[in-house]
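Shown next: my_file_2.pdb, containing PDB, C-alpha atoms and all ligand atoms.
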```pdb
MODEL        1
ATOM      1  CA  MET A   1     -14.085   9.704  11.082
ATOM      2  CA  LYS A   2     -11.922  12.178   9.222
ATOM      3  CA  GLU A   3     -11.494  11.606   5.501
ATOM      4  CA  LYS A   4      -7.811  11.311   4.648
ATOM      5  CA  ILE A   5      -7.992  10.487   0.946
ATOM      6  CA  ARG A   6     -10.898  10.928  -1.426
ATOM      7  CA  ILE A   7     -10.907   9.467  -4.931
ATOM      8  CA  VAL A   8     -13.622  10.952  -7.134
ATOM      9  CA  ASP A   9     -14.796   9.488 -10.440
ATOM     10  CA  LEU A  10     -11.325   8.306 -11.467
ATOM     11  CA  HIS A  11     -11.018   7.186 -15.095
ATOM     12  CA  LYS A  12      -7.940   5.640 -16.690
ATOM     13  CA  GLY A  13      -7.358   3.638 -19.840
ATOM     14  CA  PHE A  14      -4.242   2.381 -21.603
ATOM     15  CA  ALA A  15      -4.115   2.203 -25.393
ATOM     16  CA  GLY A  16      -7.879   2.417 -25.685
ATOM     17  CA  LYS A  17      -8.511  -0.210 -23.000
ATOM     18  CA  THR A  18     -10.444   1.107 -19.999
ATOM     19  CA  VAL A  19      -9.023   0.023 -16.645
ATOM     20  CA  LEU A  20     -10.680   2.451 -14.216
ATOM     21  CA  ALA A  21     -14.201   3.491 -15.223
ATOM     22  CA  GLY A  22     -15.204   5.908 -12.490
ATOM     23  CA  VAL A  23     -13.684   4.824  -9.179
ATOM     24  CA  ASN A  24     -15.105   6.539  -6.092
ATOM     25  CA  LEU A  25     -13.434   5.672  -2.820
ATOM     26  CA  SER A  26     -12.550   7.330   0.474
ATOM     27  CA  VAL A  27      -9.919   6.351   3.014
ATOM     28  CA  TYR A  28     -10.441   7.490   6.590
ATOM     29  CA  GLU A  29      -7.771   8.561   9.041
ATOM     30  CA  GLY A  30      -6.198   5.724  10.997
ATOM     31  CA  GLU A  31      -8.045   2.915   9.245
ATOM     32  CA  ILE A  32      -6.760  -0.050   7.267
ATOM     33  CA  LEU A  33      -8.605  -0.259   3.964
ATOM     34  CA  CYS A  34      -8.109  -3.407   1.895
ATOM     35  CA  VAL A  35      -8.669  -3.155  -1.856
ATOM     36  CA  ILE A  36      -9.411  -6.507  -3.432
ATOM     37  CA  GLY A  37     -10.072  -7.559  -7.007
ATOM     38  CA  LYS A  38      -8.846 -10.082  -9.522
ATOM     39  CA  SER A  39      -5.477  -9.881 -11.276
ATOM     40  CA  GLY A  40      -5.359  -7.103 -13.837
ATOM     41  CA  SER A  41      -8.414  -5.315 -12.428
ATOM     42  CA  GLY A  42      -6.425  -2.133 -11.780
ATOM     43  CA  LYS A  43      -5.565  -2.286  -8.069
ATOM     44  CA  SER A  44      -1.914  -1.300  -8.575
ATOM     45  CA  VAL A  45      -3.047   1.385 -11.038
ATOM     46  CA  ILE A  46      -5.126   2.962  -8.236
ATOM     47  CA  LEU A  47      -2.094   3.011  -5.901
ATOM     48  CA  LYS A  48       0.054   4.546  -8.630
ATOM     49  CA  HIS A  49      -2.515   7.336  -9.048
ATOM     50  CA  LEU A  50      -2.413   7.982  -5.302
ATOM     51  CA  VAL A  51       1.328   8.676  -5.380
ATOM     52  CA  GLY A  52       1.251  10.477  -8.718
ATOM     53  CA  ILE A  53       3.214   7.900 -10.747
ATOM     54  CA  ILE A  54       0.231   7.711 -13.131
ATOM     55  CA  ARG A  55      -2.024  10.607 -14.126
ATOM     56  CA  PRO A  56      -5.741  10.030 -14.561
ATOM     57  CA  ASP A  57      -7.637  10.570 -17.801
ATOM     58  CA  SER A  58     -10.244  12.288 -15.651
ATOM     59  CA  GLY A  59     -11.330  12.434 -12.036
ATOM     60  CA  ASP A  60      -9.772  13.820  -8.878
ATOM     61  CA  ILE A  61      -7.845  12.739  -5.818
ATOM     62  CA  PHE A  62      -7.876  14.805  -2.648
ATOM     63  CA  VAL A  63      -5.597  14.375   0.370
ATOM     64  CA  GLU A  64      -7.275  16.006   3.363
ATOM     65  CA  GLY A  65      -9.241  18.131   0.934
ATOM     66  CA  VAL A  66      -6.178  19.301  -1.034
ATOM     67  CA  PRO A  67      -6.400  18.350  -4.724
ATOM     68  CA  PHE A  68      -3.533  16.100  -5.757
ATOM     69  CA  THR A  69      -4.337  15.708  -9.425
ATOM     70  CA  GLY A  70      -3.882  18.857 -11.461
ATOM     71  CA  SER A  71      -1.995  20.601  -8.658
ATOM     72  CA  ASP A  72       1.366  22.256  -9.196
ATOM     73  CA  GLU A  73       4.591  20.306  -8.746
ATOM     74  CA  MET A  74       5.383  21.804  -5.319
ATOM     75  CA  THR A  75       2.025  20.733  -3.936
ATOM     76  CA  ARG A  76       2.395  17.272  -5.479
ATOM     77  CA  ILE A  77       5.857  16.749  -4.005
ATOM     78  CA  ALA A  78       4.626  17.915  -0.597
ATOM     79  CA  LEU A  79       1.730  15.459  -0.777
ATOM     80  CA  GLN A  80       3.970  12.626  -2.011
ATOM     81  CA  SER A  81       6.200  13.037   1.022
ATOM     82  CA  ARG A  82       3.245  12.089   3.224
ATOM     83  CA  TYR A  83       3.020   8.648   1.617
ATOM     84  CA  GLY A  84       5.088   5.546   2.180
ATOM     85  CA  ILE A  85       4.771   2.695  -0.258
ATOM     86  CA  LEU A  86       5.662  -0.972  -0.157
ATOM     87  CA  PHE A  87       5.584  -2.154  -3.751
ATOM     88  CA  GLN A  88       4.887  -5.666  -5.009
ATOM     89  CA  GLY A  89       8.336  -7.139  -4.273
ATOM     90  CA  ALA A  90      10.362  -5.282  -1.672
ATOM     91  CA  ALA A  91      12.304  -3.181  -4.215
ATOM     92  CA  LEU A  92      15.452  -2.769  -2.118
ATOM     93  CA  PHE A  93      18.584  -1.410  -3.767
ATOM     94  CA  ASP A  94      20.589  -4.591  -4.500
ATOM     95  CA  SER A  95      23.983  -2.926  -4.345
ATOM     96  CA  LEU A  96      23.408  -1.278  -0.955
ATOM     97  CA  SER A  97      23.636  -2.941   2.456
ATOM     98  CA  ILE A  98      20.526  -3.155   4.634
ATOM     99  CA  TYR A  99      21.894  -0.245   6.661
ATOM    100  CA  ASP A 100      22.400   1.923   3.568
ATOM    101  CA  ASN A 101      19.007   0.940   2.173
ATOM    102  CA  ILE A 102      17.292   2.252   5.290
ATOM    103  CA  ALA A 103      19.589   5.276   5.513
ATOM    104  CA  PHE A 104      18.935   6.209   1.864
ATOM    105  CA  GLY A 105      15.895   8.457   2.317
ATOM    106  CA  LEU A 106      17.214   9.889   5.586
ATOM    107  CA  ARG A 107      20.449  10.951   3.878
ATOM    108  CA  ARG A 108      18.451  12.604   1.110
ATOM    109  CA  LYS A 109      16.691  14.568   3.825
ATOM    110  CA  HIS A 110      20.139  15.524   5.235
ATOM    111  CA  VAL A 111      19.561  13.788   8.549
ATOM    112  CA  PRO A 112      22.944  13.798  10.389
ATOM    113  CA  GLU A 113      24.877  10.504  10.251
ATOM    114  CA  GLU A 114      24.942  10.099  14.046
ATOM    115  CA  GLU A 115      21.153  10.324  14.127
ATOM    116  CA  ILE A 116      20.920   7.813  11.255
ATOM    117  CA  ALA A 117      23.207   5.469  13.203
ATOM    118  CA  ARG A 118      20.756   5.632  16.089
ATOM    119  CA  ARG A 119      17.606   5.320  14.012
ATOM    120  CA  VAL A 120      18.518   2.418  11.698
ATOM    121  CA  PRO A 121      18.669  -0.219  14.497
ATOM    122  CA  GLU A 122      15.549   1.292  16.049
ATOM    123  CA  LEU A 123      13.641   1.039  12.746
ATOM    124  CA  LEU A 124      14.849  -2.535  12.199
ATOM    125  CA  GLY A 125      13.729  -3.338  15.741
ATOM    126  CA  MET A 126      10.230  -2.055  14.940
ATOM    127  CA  VAL A 127       9.874  -4.657  12.196
ATOM    128  CA  GLY A 128      11.353  -7.372  14.408
ATOM    129  CA  LEU A 129      14.846  -7.479  12.916
ATOM    130  CA  ARG A 130      18.180  -7.056  14.625
ATOM    131  CA  GLY A 131      21.833  -7.209  13.670
ATOM    132  CA  ILE A 132      21.399  -7.501   9.898
ATOM    133  CA  GLU A 133      22.658  -3.987   9.073
ATOM    134  CA  ASP A 134      25.759  -5.227   7.247
ATOM    135  CA  LYS A 135      24.034  -7.846   5.114
ATOM    136  CA  MET A 136      23.207  -7.338   1.437
ATOM    137  CA  PRO A 137      19.601  -7.762   0.171
ATOM    138  CA  SER A 138      20.583 -10.962  -1.698
ATOM    139  CA  GLU A 139      21.620 -12.549   1.617
ATOM    140  CA  ILE A 140      18.195 -12.254   3.257
ATOM    141  CA  SER A 141      14.887 -13.978   2.415
ATOM    142  CA  GLY A 142      12.002 -12.387   0.531
ATOM    143  CA  GLY A 143       9.952 -12.031   3.714
ATOM    144  CA  THR A 144      12.833 -10.329   5.515
ATOM    145  CA  GLN A 145      13.316  -8.041   2.515
ATOM    146  CA  LYS A 146       9.690  -6.954   2.841
ATOM    147  CA  ARG A 147      10.292  -6.081   6.482
ATOM    148  CA  VAL A 148      13.363  -4.069   5.551
ATOM    149  CA  GLY A 149      11.308  -2.329   2.842
ATOM    150  CA  LEU A 150       8.746  -1.457   5.483
ATOM    151  CA  ALA A 151      11.431  -0.153   7.861
ATOM    152  CA  ARG A 152      12.784   1.985   5.032
ATOM    153  CA  SER A 153       9.317   3.466   4.390
ATOM    154  CA  ILE A 154       8.593   4.061   8.067
ATOM    155  CA  ALA A 155      11.902   5.937   8.388
ATOM    156  CA  MET A 156      10.327   8.742   6.381
ATOM    157  CA  LYS A 157       7.472   9.060   8.915
ATOM    158  CA  PRO A 158       4.633   8.650   6.436
ATOM    159  CA  GLU A 159       1.063   9.487   7.436
ATOM    160  CA  ILE A 160      -0.276   7.094   4.844
ATOM    161  CA  MET A 161       1.174   3.674   3.953
ATOM    162  CA  LEU A 162       0.290   1.959   0.710
ATOM    163  CA  TYR A 163       0.968  -1.771   0.541
ATOM    164  CA  ASP A 164       0.820  -3.577  -2.811
ATOM    165  CA  GLU A 165       0.259  -7.276  -2.164
ATOM    166  CA  PRO A 166       2.466  -7.402   0.925
ATOM    167  CA  THR A 167       1.816 -11.095   1.572
ATOM    168  CA  THR A 168       2.149 -12.395  -1.984
ATOM    169  CA  GLY A 169       5.022 -14.793  -2.475
ATOM    170  CA  VAL A 170       5.809 -15.386   1.191
ATOM    171  CA  ASP A 171       4.955 -18.452   3.284
ATOM    172  CA  PRO A 172       1.831 -18.379   5.509
ATOM    173  CA  ILE A 173       3.799 -17.811   8.722
ATOM    174  CA  THR A 174       5.703 -14.876   7.255
ATOM    175  CA  ALA A 175       2.428 -13.581   5.788
ATOM    176  CA  GLY A 176       0.956 -13.630   9.287
ATOM    177  CA  SER A 177       3.859 -11.634  10.648
ATOM    178  CA  VAL A 178       3.627  -9.089   7.805
ATOM    179  CA  ASP A 179      -0.077  -8.660   8.631
ATOM    180  CA  ARG A 180       0.776  -8.127  12.292
ATOM    181  CA  LEU A 181       3.265  -5.450  11.275
ATOM    182  CA  ILE A 182       0.660  -3.649   9.166
ATOM    183  CA  ARG A 183      -1.597  -3.474  12.222
ATOM    184  CA  LYS A 184       1.311  -2.451  14.456
ATOM    185  CA  MET A 185       2.136   0.478  12.151
ATOM    186  CA  ARG A 186      -1.455   1.602  12.465
ATOM    187  CA  ASP A 187      -1.678   1.014  16.238
ATOM    188  CA  ASP A 188       1.728   2.428  17.259
ATOM    189  CA  LEU A 189       2.138   5.204  14.697
ATOM    190  CA  GLY A 190      -1.472   5.961  13.742
ATOM    191  CA  ILE A 191      -0.700   5.398  10.067
ATOM    192  CA  THR A 192      -3.618   5.348   7.627
ATOM    193  CA  SER A 193      -3.187   2.276   5.433
ATOM    194  CA  VAL A 194      -4.332   1.048   2.044
ATOM    195  CA  VAL A 195      -3.564  -2.634   1.450
ATOM    196  CA  VAL A 196      -4.011  -4.069  -2.038
ATOM    197  CA  THR A 197      -4.292  -7.823  -1.860
ATOM    198  CA  HIS A 198      -6.028 -10.911  -3.145
ATOM    199  CA  ASP A 199      -5.165 -12.828  -0.002
ATOM    200  CA  MET A 200      -8.544 -13.192   1.740
ATOM    201  CA  LYS A 201      -6.876 -14.512   4.874
ATOM    202  CA  SER A 202      -4.879 -11.323   5.078
ATOM    203  CA  VAL A 203      -8.080  -9.298   4.547
ATOM    204  CA  SER A 204      -9.728 -11.021   7.493
ATOM    205  CA  ARG A 205      -6.690 -10.276   9.669
ATOM    206  CA  VAL A 206      -6.028  -6.621   8.861
ATOM    207  CA  ALA A 207      -9.027  -4.933   7.238
ATOM    208  CA  ASP A 208     -11.173  -2.380   9.016
ATOM    209  CA  ARG A 209     -12.948  -1.889   5.701
ATOM    210  CA  VAL A 210     -12.837  -3.632   2.331
ATOM    211  CA  ALA A 211     -13.405  -2.275  -1.175
ATOM    212  CA  MET A 212     -13.735  -4.554  -4.174
ATOM    213  CA  LEU A 213     -12.769  -3.394  -7.649
ATOM    214  CA  LEU A 214     -14.506  -5.064 -10.581
ATOM    215  CA  ASP A 215     -14.811  -3.936 -14.197
ATOM    216  CA  GLY A 216     -13.288  -0.580 -13.361
ATOM    217  CA  VAL A 217     -15.598   0.394 -10.507
ATOM    218  CA  ILE A 218     -15.921  -0.256  -6.769
ATOM    219  CA  VAL A 219     -18.705  -2.836  -6.468
ATOM    220  CA  PHE A 220     -18.444  -3.298  -2.703
ATOM    221  CA  ASP A 221     -17.374  -0.991   0.112
ATOM    222  CA  GLY A 222     -18.006  -2.107   3.671
ATOM    223  CA  ALA A 223     -16.909  -4.052   6.716
ATOM    224  CA  PRO A 224     -15.157  -7.432   6.247
ATOM    225  CA  ALA A 225     -18.037  -9.221   8.001
ATOM    226  CA  GLU A 226     -20.492  -7.680   5.519
ATOM    227  CA  LEU A 227     -18.358  -8.909   2.634
ATOM    228  CA  MET A 228     -18.195 -12.434   4.031
ATOM    229  CA  ALA A 229     -21.976 -12.494   4.589
ATOM    230  CA  SER A 230     -22.903 -10.900   1.258
ATOM    231  CA  GLY A 231     -25.255 -12.782  -1.034
ATOM    232  CA  ASP A 232     -23.870 -11.000  -4.140
ATOM    233  CA  GLU A 233     -22.629 -13.819  -6.400
ATOM    234  CA  ARG A 234     -19.668 -11.732  -7.633
ATOM    235  CA  LEU A 235     -18.450 -11.203  -4.067
ATOM    236  CA  ARG A 236     -19.104 -14.820  -3.095
ATOM    237  CA  GLN A 237     -17.112 -16.080  -6.070
ATOM    238  CA  PHE A 238     -14.138 -13.914  -5.107
ATOM    239  CA  VAL A 239     -14.282 -14.685  -1.383
ATOM    240  CA  GLU A 240     -14.575 -18.423  -2.050
ATOM    241  CA  GLY A 241     -11.988 -18.357  -4.846
ATOM    242  CA  ARG A 242     -14.142 -20.138  -7.413
ATOM    243  CA  ALA A 243     -13.183 -20.160 -11.111
ATOM    244  CA  HIS A 244     -16.809 -20.411 -12.207
ATOM    245  CA  GLY A 245     -19.365 -17.667 -11.676
ATOM    246  CA  PRO A 246     -20.279 -14.205 -12.886
ATOM    247  CA  ILE A 247     -16.641 -12.988 -12.836
ATOM    248  CA  LYS A 248     -14.884 -14.260 -15.933
ATOM    249  CA  VAL A 249     -11.314 -15.442 -15.575
ATOM    250  CA  ALA A 250      -9.162 -13.818 -18.264
TER     251      ALA A 250
HETATM  252  N1  LIG B   1       1.858   1.681 -17.430
HETATM  253  C1  LIG B   1       0.964   0.901 -18.034
HETATM  254  N2  LIG B   1       0.856   0.878 -19.379
HETATM  255  C2  LIG B   1      -0.052   0.109 -20.014
HETATM  256  N3  LIG B   1      -0.927  -0.713 -19.373
HETATM  257  C3  LIG B   1      -0.863  -0.733 -18.042
HETATM  258  C4  LIG B   1       0.070   0.061 -17.293
HETATM  259  N4  LIG B   1      -0.109  -0.177 -15.972
HETATM  260  C5  LIG B   1      -1.118  -1.076 -15.898
HETATM  261  N5  LIG B   1      -1.572  -1.420 -17.120
HETATM  262  C6  LIG B   1      -2.678  -2.346 -17.406
HETATM  263  O1  LIG B   1      -3.748  -2.026 -16.549
HETATM  264  C7  LIG B   1      -4.413  -3.201 -16.114
HETATM  265  C8  LIG B   1      -4.480  -3.234 -14.604
HETATM  266  O2  LIG B   1      -3.174  -3.440 -14.092
HETATM  267  P1  LIG B   1      -2.824  -3.523 -12.546
HETATM  268  O3  LIG B   1      -1.368  -3.763 -12.472
HETATM  269  O4  LIG B   1      -3.358  -2.342 -11.836
HETATM  270  O5  LIG B   1      -3.640  -4.800 -12.088
HETATM  271  P2  LIG B   1      -3.738  -5.414 -10.622
HETATM  272  O6  LIG B   1      -5.173  -5.386 -10.224
HETATM  273  O7  LIG B   1      -2.771  -4.731  -9.735
HETATM  274  O8  LIG B   1      -3.311  -6.930 -10.887
HETATM  275  P3  LIG B   1      -2.397  -7.949  -9.988
HETATM  276  O9  LIG B   1      -3.313  -8.451  -8.921
HETATM  277  O10 LIG B   1      -2.024  -9.013 -10.945
HETATM  278  O11 LIG B   1      -1.233  -7.176  -9.460
HETATM  279  C9  LIG B   1      -3.658  -4.369 -16.729
HETATM  280  O12 LIG B   1      -4.341  -4.777 -17.886
HETATM  281  C10 LIG B   1      -2.313  -3.781 -17.078
HETATM  282  O13 LIG B   1      -1.757  -4.429 -18.174
HETATM  283 MG    MG B   2      -1.005  -5.296  -8.841
ENDMDL
END
```
Mind turning the file's structure into structure tokens?
Amino acid sequence: MKEKIRIVDLHKGFAGKTVLAGVNLSVYEGEILCVIGKSGSGKSVILKHLVGIIRPDSGDIFVEGVPFTGSDEMTRIALQSRYGILFQGAALFDSLSIYDNIAFGLRRKHVPEEEIARRVPELLGMVGLRGIEDKMPSEISGGTQKRVGLARSIAMKPEIMLYDEPTTGVDPITAGSVDRLIRKMRDDLGITSVVVTHDMKSVSRVADRVAMLLDGVIVFDGAPAELMASGDERLRQFVEGRAHGPIKVA
């Protein structure tokens, strides 16, 4: 399989506190990689490095062999445009209608209005929504907002989608439908996906591969079945959701 993203020996600390202590991780084209790890372990920090919101103390990130870190601004912007991201929370613009939220990035790319008018309903349809163009974000539920957020990302035709806890804070049925959408984006559009989550149910539904972050390094990288069958006490504790074990709860 072709390597899409390669993270090499990534180090990052904040105010003297080490968060990432040498992360090595690859993401392959067309796969769904789930990154798991306890709260505060640095999962979101990894995603923020991938899109260049945070700069590493040391280490490198390559996208199809092109260095992202340390590259000039033009290269970085070009690489950023290949990513779509669904942040923790849907992060819609509150003062814009659903239609204008989805149109936002397209307008910035100077896509003609008549094409936008055709694409917005099509994009909403892809995430299973219809006829909500005129509503405001406050009028729709959190789960629906996540779908709209996804439609807005997909509008930009990303090659890589990053999802930060897409199923956190939604009911189990909605979580199931979000997971189905993540797979659909991969299956229909061939999007390479990185899903940060601590929802093990979601992992079992979407992951082609799982990586676990602990104490600043990747301590497991393999198939979901391998993770479930592992005898490593640290993995077992996480998979089974136990408070007691080798991983200390902060
Ligand atoms: N911009 C920042 N400035 C200072 N500290 C930060 C910053 N971003 C993250 N941190 C710290 O880095 C650590 C890891 O944070 P991160 O948000 O990546 O955790 P996480 O694994 O995503 O947790 P959760 O599952 O709760 O979302 C935390 O201790 C956090 O306080
Ligand atoms: Mg996080």
Identify which of the residues A:Ile182, A:Val35, A:Val8, A:Val45 lies closest to ligand LIG 1 (chain B), counting all atoms listed in the file when measuring atom-to-atom distances.
->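 Counting all atoms listed in the file, the residue closest to ligand LIG 1 (chain B) is A:Val45.
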Have a look at CA of Ala21 in chain A and CA of Val217 in chain A and let me know their distance in Å, one decimal.
->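 Pair CA of Ala21 in chain A / CA of Val217 in chain A returns 5.8 Å.
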Reference answer for the PyMOL selection byres (((not hetatm)) within 7 of (chain B and resi 2)), as JSON, numbers by chain = {"A": [39, 40, 42, 43, 44, 164]}
Expansion of the PyMOL selection byres (((chain A and resi 148) around 9) and not hetatm) into residues, as a VMD selection string | chain A and resid 90 92 98 101 to 102 123 to 124 127 129 143 to 147 149 to 153
With all atoms listed in the file as the basis for distance, which of A:Asp232, A:Asp188, A:Glu165, A:Asp221 is at the shortest distance from ligand LIG 1 (chain B)?
->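 Among the listed residues, A:Glu165 lies closest to ligand LIG 1 (chain B).
Closest to ligand LIG 1 (chain B) among A:Val23, A:Ile61, A:Leu214, A:Ile154 is A:Leu214, based on only C-alpha atoms and all ligand atoms.
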With all atoms listed in the file counted, collect every polymer residue having an atom within 9 Å of ligand LIG 1 (chain B); state the result as a list in words.
->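 Sorted by chain and then by number, the residues are Lys12, Gly13, Phe14, Ala15, Lys17, Thr18, Val19, Leu20, Ile36, Gly37, Lys38, Ser39, Gly40, Ser41, Gly42, Lys43, Ser44, Val45, Ile46, Leu47, Lys48, Ile54, Gln88, Asp164, Glu165, Val196, Thr197, His198 and Leu213 of chain A.
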Pick out the residues sitting within 8 Å of Gly30 in chain A, and hand them over as JSON, numbers by chain; count only C-alpha atoms, and ignore anything fewer than 2 positions along from it in its own chain.
-> {"A": [28, 32, 186, 190, 191, 192, 193]}
